[in-house]
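K.L.:
Data: protein-v6.pdb, PDB, C-alpha atoms, pLDDT in the B column.
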ATOM      1  CA  MET K   1     -12.357  11.840   4.214  1.00 54.00           C
ATOM      2  CA  ASP K   2     -13.576  11.726   7.791  1.00 52.00           C
ATOM      3  CA  LYS K   3     -10.910  13.201  10.110  1.00 59.00           C
ATOM      4  CA  LYS K   4     -12.163  11.106  13.048  1.00 85.00           C
ATOM      5  CA  ARG K   5     -11.456   7.767  11.359  1.00 95.00           C
ATOM      6  CA  PRO K   6      -7.890   6.670  10.649  1.00 98.00           C
ATOM      7  CA  LEU K   7      -6.706   7.488   7.136  1.00 98.00           C
ATOM      8  CA  ILE K   8      -5.029   4.519   5.459  1.00 98.00           C
ATOM      9  CA  LEU K   9      -2.892   4.791   2.302  1.00 98.00           C
ATOM     10  CA  ILE K  10      -2.601   1.588   0.277  1.00 98.00           C
ATOM     11  CA  SER K  11      -0.293   0.785  -2.616  1.00 98.00           C
ATOM     12  CA  ASN K  12       1.467  -2.214  -4.124  1.00 96.00           C
ATOM     13  CA  ASP K  13       3.659  -3.271  -7.013  1.00 92.00           C
ATOM     14  CA  ASP K  14       1.195  -5.576  -8.801  1.00 91.00           C
ATOM     15  CA  GLY K  15      -1.523  -3.068  -9.669  1.00 91.00           C
ATOM     16  CA  TYR K  16      -5.098  -2.444  -8.600  1.00 94.00           C
ATOM     17  CA  ASN K  17      -6.633  -5.531 -10.184  1.00 91.00           C
ATOM     18  CA  TYR K  18      -4.673  -8.087  -8.152  1.00 93.00           C
ATOM     19  CA  ASN K  19      -6.244 -10.045  -5.297  1.00 94.00           C
ATOM     20  CA  GLY K  20      -3.633  -8.897  -2.791  1.00 95.00           C
ATOM     21  CA  ILE K  21      -4.471  -5.222  -2.881  1.00 97.00           C
ATOM     22  CA  GLN K  22      -8.179  -6.037  -2.924  1.00 97.00           C
ATOM     23  CA  SER K  23      -7.741  -7.975   0.342  1.00 97.00           C
ATOM     24  CA  LEU K  24      -5.876  -5.016   1.883  1.00 98.00           C
ATOM     25  CA  ILE K  25      -8.635  -2.665   0.797  1.00 98.00           C
ATOM     26  CA  LYS K  26     -11.338  -4.953   2.233  1.00 98.00           C
ATOM     27  CA  VAL K  27      -9.645  -5.025   5.648  1.00 98.00           C
ATOM     28  CA  ALA K  28      -8.650  -1.366   5.672  1.00 98.00           C
ATOM     29  CA  ARG K  29     -12.170  -0.175   4.898  1.00 98.00           C
ATOM     30  CA  GLN K  30     -13.297  -1.847   8.134  1.00 98.00           C
ATOM     31  CA  LEU K  31     -10.713   0.193  10.061  1.00 98.00           C
ATOM     32  CA  GLY K  32     -10.724   3.636   8.488  1.00 98.00           C
ATOM     33  CA  ASP K  33     -10.927   5.800   5.396  1.00 98.00           C
ATOM     34  CA  VAL K  34      -8.920   4.358   2.520  1.00 98.00           C
ATOM     35  CA  PHE K  35      -6.879   6.143  -0.134  1.00 98.00           C
ATOM     36  CA  VAL K  36      -5.331   3.912  -2.820  1.00 98.00           C
ATOM     37  CA  VAL K  37      -2.624   4.895  -5.287  1.00 98.00           C
ATOM     38  CA  ALA K  38      -1.495   1.857  -7.264  1.00 97.00           C
ATOM     39  CA  PRO K  39       0.632   1.393 -10.375  1.00 95.00           C
ATOM     40  CA  ALA K  40      -1.327   1.351 -13.630  1.00 91.00           C
ATOM     41  CA  ILE K  41       0.777  -1.628 -14.785  1.00 82.00           C
ATOM     42  CA  HIS K  42       2.531  -4.473 -12.994  1.00 80.00           C
ATOM     43  CA  GLN K  43       5.752  -3.168 -11.367  1.00 78.00           C
ATOM     44  CA  SER K  44       7.274  -6.099  -9.435  1.00 80.00           C
ATOM     45  CA  GLY K  45      11.015  -5.921  -8.855  1.00 77.00           C
ATOM     46  CA  MET K  46      11.206  -2.148  -9.280  1.00 73.00           C
ATOM     47  CA  SER K  47      12.735  -1.717  -5.831  1.00 82.00           C
ATOM     48  CA  SER K  48      12.702   1.957  -4.809  1.00 82.00           C
ATOM     49  CA  ALA K  49      13.083   3.241  -8.364  1.00 79.00           C
ATOM     50  CA  ILE K  50      11.496   6.608  -9.047  1.00 84.00           C
ATOM     51  CA  THR K  51      10.515   8.224 -12.320  1.00 89.00           C
ATOM     52  CA  PHE K  52      12.257  11.467 -13.134  1.00 87.00           C
ATOM     53  CA  VAL K  53      12.432  11.703 -16.942  1.00 89.00           C
ATOM     54  CA  ASN K  54       8.769  11.284 -17.903  1.00 91.00           C
ATOM     55  CA  PRO K  55       5.835  12.811 -16.048  1.00 92.00           C
ATOM     56  CA  VAL K  56       3.911  10.490 -13.742  1.00 93.00           C
ATOM     57  CA  ARG K  57       0.236  10.708 -14.570  1.00 94.00           C
ATOM     58  CA  THR K  58      -2.694   9.688 -12.401  1.00 95.00           C
ATOM     59  CA  THR K  59      -6.203   8.564 -13.235  1.00 96.00           C
ATOM     60  CA  LEU K  60      -8.975   8.826 -10.686  1.00 97.00           C
ATOM     61  CA  VAL K  61     -10.753   5.447 -10.716  1.00 97.00           C
ATOM     62  CA  LYS K  62     -13.170   5.847  -7.812  1.00 97.00           C
ATOM     63  CA  ARG K  63     -14.150   8.483  -5.274  1.00 97.00           C
ATOM     64  CA  GLU K  64     -16.837   7.941  -2.686  1.00 97.00           C
ATOM     65  CA  PRO K  65     -17.053   8.901   0.986  1.00 96.00           C
ATOM     66  CA  GLY K  66     -14.155   7.236   2.788  1.00 96.00           C
ATOM     67  CA  PHE K  67     -12.696   5.584  -0.324  1.00 98.00           C
ATOM     68  CA  THR K  68     -10.559   6.992  -3.143  1.00 98.00           C
ATOM     69  CA  VAL K  69      -8.609   5.096  -5.817  1.00 98.00           C
ATOM     70  CA  TYR K  70      -6.017   6.436  -8.246  1.00 98.00           C
ATOM     71  CA  LEU K  71      -3.872   4.607 -10.769  1.00 97.00           C
ATOM     72  CA  ALA K  72      -0.457   6.090 -11.534  1.00 96.00           C
ATOM     73  CA  THR K  73       1.895   5.539 -14.453  1.00 95.00           C
ATOM     74  CA  GLY K  74       4.938   5.425 -12.161  1.00 92.00           C
ATOM     75  CA  THR K  75       6.670   2.914  -9.949  1.00 94.00           C
ATOM     76  CA  PRO K  76       5.433   1.751  -6.538  1.00 95.00           C
ATOM     77  CA  ALA K  77       7.697   4.311  -4.820  1.00 94.00           C
ATOM     78  CA  ASP K  78       6.313   6.995  -7.157  1.00 95.00           C
ATOM     79  CA  CYS K  79       2.773   6.039  -6.134  1.00 96.00           C
ATOM     80  CA  VAL K  80       3.424   6.543  -2.423  1.00 97.00           C
ATOM     81  CA  LYS K  81       5.594   9.623  -2.964  1.00 96.00           C
ATOM     82  CA  LEU K  82       2.904  11.212  -5.161  1.00 96.00           C
ATOM     83  CA  ALA K  83       0.145  10.325  -2.694  1.00 97.00           C
ATOM     84  CA  LEU K  84       1.972  11.791   0.292  1.00 97.00           C
ATOM     85  CA  SER K  85       3.307  14.929  -1.390  1.00 95.00           C
ATOM     86  CA  GLN K  86       0.428  15.838  -3.726  1.00 95.00           C
ATOM     87  CA  LEU K  87      -2.757  13.803  -3.638  1.00 96.00           C
ATOM     88  CA  MET K  88      -3.019  13.696   0.162  1.00 95.00           C
ATOM     89  CA  ALA K  89      -1.165  16.920   0.893  1.00 85.00           C
ATOM     90  CA  ASP K  90      -3.945  18.210   3.168  1.00 92.00           C
ATOM     91  CA  ARG K  91      -3.638  15.249   5.583  1.00 94.00           C
ATOM     92  CA  LEU K  92      -0.966  12.616   5.992  1.00 95.00           C
ATOM     93  CA  PRO K  93      -2.268   9.085   6.460  1.00 98.00           C
ATOM     94  CA  ASP K  94      -2.076   7.357   9.813  1.00 98.00           C
ATOM     95  CA  ILE K  95      -0.533   4.286   8.171  1.00 98.00           C
ATOM     96  CA  VAL K  96       0.755   3.050   4.810  1.00 98.00           C
ATOM     97  CA  LEU K  97      -0.134  -0.524   3.853  1.00 98.00           C
ATOM     98  CA  ALA K  98       1.599  -2.234   0.926  1.00 98.00           C
ATOM     99  CA  GLY K  99       0.796  -5.474  -0.866  1.00 95.00           C
ATOM    100  CA  ILE K 100      -0.394  -8.090  -0.399  1.00 97.00           C
ATOM    101  CA  ASN K 101       2.517  -9.246  -2.548  1.00 94.00           C
ATOM    102  CA  HIS K 102       2.228 -12.570  -4.357  1.00 90.00           C
ATOM    103  CA  GLY K 103       5.273 -14.414  -3.019  1.00 91.00           C
ATOM    104  CA  TYR K 104       7.517 -13.827  -0.033  1.00 93.00           C
ATOM    105  CA  ASN K 105       9.640 -10.723   0.434  1.00 93.00           C
ATOM    106  CA  ASN K 106      12.532 -12.087   2.454  1.00 92.00           C
ATOM    107  CA  GLY K 107      16.311 -12.020   2.234  1.00 91.00           C
ATOM    108  CA  LEU K 108      17.616 -10.218  -0.831  1.00 88.00           C
ATOM    109  CA  ASN K 109      14.101 -10.012  -2.242  1.00 88.00           C
ATOM    110  CA  THR K 110      13.385  -7.178   0.182  1.00 90.00           C
ATOM    111  CA  LEU K 111      15.958  -5.023  -1.643  1.00 91.00           C
ATOM    112  CA  TYR K 112      14.296  -5.540  -5.023  1.00 92.00           C
ATOM    113  CA  SER K 113      10.680  -5.490  -3.913  1.00 93.00           C
ATOM    114  CA  GLY K 114       8.327  -2.797  -5.114  1.00 92.00           C
ATOM    115  CA  THR K 115       6.030  -3.749  -2.232  1.00 95.00           C
ATOM    116  CA  MET K 116       8.788  -2.998   0.274  1.00 96.00           C
ATOM    117  CA  ALA K 117       9.526   0.247  -1.589  1.00 95.00           C
ATOM    118  CA  CYS K 118       5.994   1.427  -0.739  1.00 97.00           C
ATOM    119  CA  ALA K 119       6.696   0.857   2.960  1.00 97.00           C
ATOM    120  CA  PHE K 120      10.158   2.439   2.728  1.00 97.00           C
ATOM    121  CA  GLU K 121       8.669   5.533   1.071  1.00 96.00           C
ATOM    122  CA  GLY K 122       6.079   5.765   3.833  1.00 97.00           C
ATOM    123  CA  ILE K 123       8.671   5.801   6.595  1.00 96.00           C
ATOM    124  CA  LEU K 124      10.749   8.353   4.668  1.00 96.00           C
ATOM    125  CA  HIS K 125       7.732  10.627   5.151  1.00 95.00           C
ATOM    126  CA  GLY K 126       7.358   9.712   8.827  1.00 96.00           C
ATOM    127  CA  VAL K 127       4.288   7.495   8.379  1.00 97.00           C
ATOM    128  CA  PRO K 128       4.131   4.060  10.065  1.00 98.00           C
ATOM    129  CA  SER K 129       4.235   1.512   7.246  1.00 98.00           C
ATOM    130  CA  VAL K 130       3.617  -2.207   6.833  1.00 98.00           C
ATOM    131  CA  ALA K 131       4.330  -4.378   3.784  1.00 98.00           C
ATOM    132  CA  PHE K 132       2.460  -7.673   3.499  1.00 98.00           C
ATOM    133  CA  SER K 133       3.441 -10.672   1.378  1.00 97.00           C
ATOM    134  CA  TYR K 134       1.878 -14.082   0.929  1.00 97.00           C
ATOM    135  CA  GLY K 135       3.820 -17.263   0.162  1.00 94.00           C
ATOM    136  CA  ASP K 136       1.726 -18.108  -2.902  1.00 92.00           C
ATOM    137  CA  TYR K 137       3.371 -16.925  -6.128  1.00 88.00           C
ATOM    138  CA  ASN K 138       0.282 -17.493  -8.268  1.00 86.00           C
ATOM    139  CA  GLY K 139      -1.093 -14.201  -9.593  1.00 82.00           C
ATOM    140  CA  ASP K 140      -4.595 -15.445  -8.745  1.00 88.00           C
ATOM    141  CA  ALA K 141      -3.672 -16.538  -5.208  1.00 92.00           C
ATOM    142  CA  ASP K 142      -6.497 -16.431  -2.681  1.00 96.00           C
ATOM    143  CA  THR K 143      -5.141 -13.705  -0.409  1.00 96.00           C
ATOM    144  CA  SER K 144      -8.322 -13.641   1.665  1.00 97.00           C
ATOM    145  CA  VAL K 145      -6.606 -16.154   3.975  1.00 97.00           C
ATOM    146  CA  CYS K 146      -4.261 -13.310   4.964  1.00 98.00           C
ATOM    147  CA  GLU K 147      -7.029 -10.922   5.991  1.00 98.00           C
ATOM    148  CA  PRO K 148      -7.221 -11.850   9.706  1.00 98.00           C
ATOM    149  CA  MET K 149      -3.463 -11.302  10.108  1.00 98.00           C
ATOM    150  CA  VAL K 150      -3.595  -8.055   8.109  1.00 98.00           C
ATOM    151  CA  LYS K 151      -6.413  -6.785  10.322  1.00 98.00           C
ATOM    152  CA  HIS K 152      -4.655  -7.736  13.560  1.00 98.00           C
ATOM    153  CA  ILE K 153      -1.340  -6.122  12.617  1.00 98.00           C
ATOM    154  CA  THR K 154      -2.944  -2.999  11.147  1.00 98.00           C
ATOM    155  CA  GLU K 155      -5.044  -2.482  14.281  1.00 98.00           C
ATOM    156  CA  ARG K 156      -1.950  -2.873  16.487  1.00 98.00           C
ATOM    157  CA  VAL K 157       0.070  -0.358  14.459  1.00 98.00           C
ATOM    158  CA  LEU K 158      -2.819   2.120  14.356  1.00 98.00           C
ATOM    159  CA  GLN K 159      -3.133   1.858  18.153  1.00 97.00           C
ATOM    160  CA  GLY K 160       0.535   1.827  19.114  1.00 96.00           C
ATOM    161  CA  GLY K 161       2.486   3.129  16.145  1.00 95.00           C
ATOM    162  CA  LEU K 162       5.990   2.000  15.234  1.00 97.00           C
ATOM    163  CA  PRO K 163       9.413   3.328  16.183  1.00 96.00           C
ATOM    164  CA  GLN K 164      10.620   6.152  13.938  1.00 93.00           C
ATOM    165  CA  ASP K 165      12.237   4.941  10.695  1.00 93.00           C
ATOM    166  CA  VAL K 166      11.007   1.372  11.231  1.00 96.00           C
ATOM    167  CA  CYS K 167       8.566  -0.414   8.928  1.00 97.00           C
ATOM    168  CA  LEU K 168       7.234  -3.935   9.158  1.00 98.00           C
ATOM    169  CA  ASN K 169       7.803  -6.619   6.534  1.00 98.00           C
ATOM    170  CA  VAL K 170       5.135  -9.268   7.168  1.00 98.00           C
ATOM    171  CA  ASN K 171       5.410 -12.568   5.281  1.00 97.00           C
ATOM    172  CA  ILE K 172       2.387 -14.824   5.636  1.00 97.00           C
TER     173      ILE K 172
END
As structure tokens, how would this structure be written, given the file I've shared?

P.N.:
Amino acid sequence: MDKKRPLILISNDDGYNYNGIQSLIKVARQLGDVFVVAPAIHQSGMSSAITFVNPVRTTLVKREPGFTVYLATGTPADCVKLALSQLMADRLPDIVLAGINHGYNNGLNTLYSGTMACAFEGILHGVPSVAFSYGDYNGDADTSVCEPMVKHITERVLQGGLPQDVCLNVNI
């Protein structure tokens, strides 16, 4: 990973094959080096659950200059925790991006959301974090409509940071 470009960690609760995370990756690759750790299976509603009985295993899916993808057998919080403590131990990311979730994360949903758990885990490690959700609950939703907003907010956070212990929950 190029130390001059921002390093962006991406995760979600839906898994790597969903449109939402693919939209995040597309935008993030324009802004910096991207490191993805996503659940190997769909993990919506897992909140900030962590795995502590069974080992969490990772599979390297892709590694090329400026872009790395792992799948992990754990929860969304496990994915970010594992990335920050083990897989990226030599350099913390400049930002954690989560989502794009299919469906809003508002009200009580924020407590149960695996997408929000990714952002919460990021701020627990002192990394500015943003969770994105889109108001279309269809698993095949066209999240590309969110990309301009994702880019704008990510650029702003990369430039100005966020207050300590504060993450953003962006519902589009």

K.L.:
Pick the closest to Val53 of chain K from K:Gly74, K:Asp140, K:Ile153, K:Ile10: which is it, counting all atoms listed in the file?

P.N.:
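Using all atoms listed in the file, the shortest distance to Val53 of chain K belongs to K:Gly74.
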
K.L.:
Do a neighbour search on Phe120 of chain K at 10 Å with all atoms listed in the file, toss out local chain neighbours closer than 5 positions, and write the hits as a PDB file with C-alpha atoms, keeping the file's coordinate frame.

P.N.:
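Saved result, out_1.pdb, follows:
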ATOM      1  CA  SER K  47      12.735  -1.717  -5.831  1.00 82.00           C
ATOM      2  CA  SER K  48      12.702   1.957  -4.809  1.00 82.00           C
ATOM      3  CA  ALA K  77       7.697   4.311  -4.820  1.00 94.00           C
ATOM      4  CA  VAL K  80       3.424   6.543  -2.423  1.00 97.00           C
ATOM      5  CA  VAL K  96       0.755   3.050   4.810  1.00 98.00           C
ATOM      6  CA  ALA K  98       1.599  -2.234   0.926  1.00 98.00           C
ATOM      7  CA  GLY K 114       8.327  -2.797  -5.114  1.00 92.00           C
ATOM      8  CA  THR K 115       6.030  -3.749  -2.232  1.00 95.00           C
ATOM      9  CA  HIS K 125       7.732  10.627   5.151  1.00 95.00           C
ATOM     10  CA  GLY K 126       7.358   9.712   8.827  1.00 96.00           C
ATOM     11  CA  VAL K 127       4.288   7.495   8.379  1.00 97.00           C
ATOM     12  CA  PRO K 128       4.131   4.060  10.065  1.00 98.00           C
ATOM     13  CA  SER K 129       4.235   1.512   7.246  1.00 98.00           C
ATOM     14  CA  VAL K 130       3.617  -2.207   6.833  1.00 98.00           C
ATOM     15  CA  ALA K 131       4.330  -4.378   3.784  1.00 98.00           C
ATOM     16  CA  ASP K 165      12.237   4.941  10.695  1.00 93.00           C
ATOM     17  CA  VAL K 166      11.007   1.372  11.231  1.00 96.00           C
ATOM     18  CA  CYS K 167       8.566  -0.414   8.928  1.00 97.00           C
ATOM     19  CA  LEU K 168       7.234  -3.935   9.158  1.00 98.00           C
TER      20      LEU K 168
END

K.L.:
Suppose you want the space between atom CA of Glu121 of chain K and atom CA of Asn138 of chain K; what is it in Å?

P.N.:
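Here the two named atoms are 26.2 Å from each other.
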
K.L.:
Need the shell around Pro39 of chain K: protein/DNA/RNA residues with any atom at most 9 Å away, counting only C-alpha atoms. Skip same-chain ones fewer than 5 positions apart. Format as a ChimeraX atom specification?

P.N.:
/K:11-16,70-76,78-79

K.L.:
Per residue of segment 82-167 of chain K within 12 Å of segment 57-63 of chain K, what are the shortest atom pair and its distance in Å to one decimal, counting only C-alpha atoms, with rows by chain and residue number, as a tab-separated table?

P.N.:
residue	atom	partner	partner_atom	distance
K:Leu82	CA	K:Thr58	CA	9.3
K:Ala83	CA	K:Thr58	CA	10.1
K:Gln86	CA	K:Thr58	CA	11.1
K:Leu87	CA	K:Thr58	CA	9.7

K.L.:
Evaluate the PyMOL selection byres ((chain K and resi 112) around 10) against this structure - the residues, as a list of chain:residue names, please.

P.N.:
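For this structure, the PyMOL selection byres ((chain K and resi 112) around 10) resolves to K:Ser44, K:Gly45, K:Met46, K:Ser47, K:Ser48, K:Ala49, K:Asn105, K:Gly107, K:Leu108, K:Asn109, K:Thr110, K:Leu111, K:Ser113, K:Gly114, K:Thr115, K:Met116, K:Ala117.
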
K.L.:
Calculated over only C-alpha atoms, which of the candidates K:Ile172, K:Val69, K:Met149, K:Val37 has the smallest distance to His102 of chain K?

P.N.:
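So, comparing all the options, the nearest one is K:Ile172.
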
K.L.:
For Glu147 of chain K, which residue among K:Leu92, K:Ile50, K:Ile100, K:Cys118 is the nearest when counting all atoms listed in the file?

P.N.:
K:Ile100

K.L.:
Please provide as a ChimeraX atom specification all residues within 12 Å of Lys151 of chain K, with the sequence filter that same-chain residues fewer than 6 positions apart are discarded (counting all atoms listed in the file).

P.N.:
/K:23-32,97,130,132,144-145,157-158

K.L.:
List as a PyMOL selection string the protein and nucleic acid residues near Asp33 of chain K, meaning an atom at most 9 Å away when all atoms listed in the file are counted, but skip any in the same chain fewer than 3 places from it.

P.N.:
chain K and resi 1-3+5-9+28-30+65-68

K.L.:
Put the listed atoms of segment 40-49 of chain K in a box along x, y and z with 5 Å added on every side and give me the centre and edge lengths in Å to one decimal, as AutoDock Vina command-line options.

P.N.:
--center_x 5.9 --center_y -1.4 --center_z -9.8 --size_x 24.4 --size_y 19.3 --size_z 20.0

K.L.:
In terms of the shortest atom-to-atom distance over all atoms listed in the file, which of K:Asn17, K:His152, K:Gly103, K:Leu124 is closest to Leu84 of chain K?

P.N.:
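Answer, going by the shortest atom-to-atom distance: K:Leu124.
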
K.L.:
Mind pulling up the distance from atom CA of Met88 of chain K to atom CA of Pro148 of chain K?

P.N.:
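Distance reported for this atom pair: 27.6 Å.
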
K.L.:
Of the candidates K:Val170, K:Val34, K:Ala119, K:Val56, which one gets nearest to Val150 of chain K if we count all atoms listed in the file?

P.N.:
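Checking each candidate against Val150 of chain K, we get K:Val170 as the closest.
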
K.L.:
As an exercise, work out the distance from atom CA of Ser133 of chain K to atom CA of Asn106 of chain K in Å and give it to one decimal place.

P.N.:
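If I compute the distance from atom CA of Ser133 of chain K to atom CA of Asn106 of chain K, I get 9.3 Å.
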
K.L.:
Could you tell me which of K:Phe52, K:Glu155, K:Val36, K:Tyr104 comes closest to Asp136 of chain K if we count all atoms listed in the file?

P.N.:
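Of all the options, K:Tyr104 lies closest to Asp136 of chain K.
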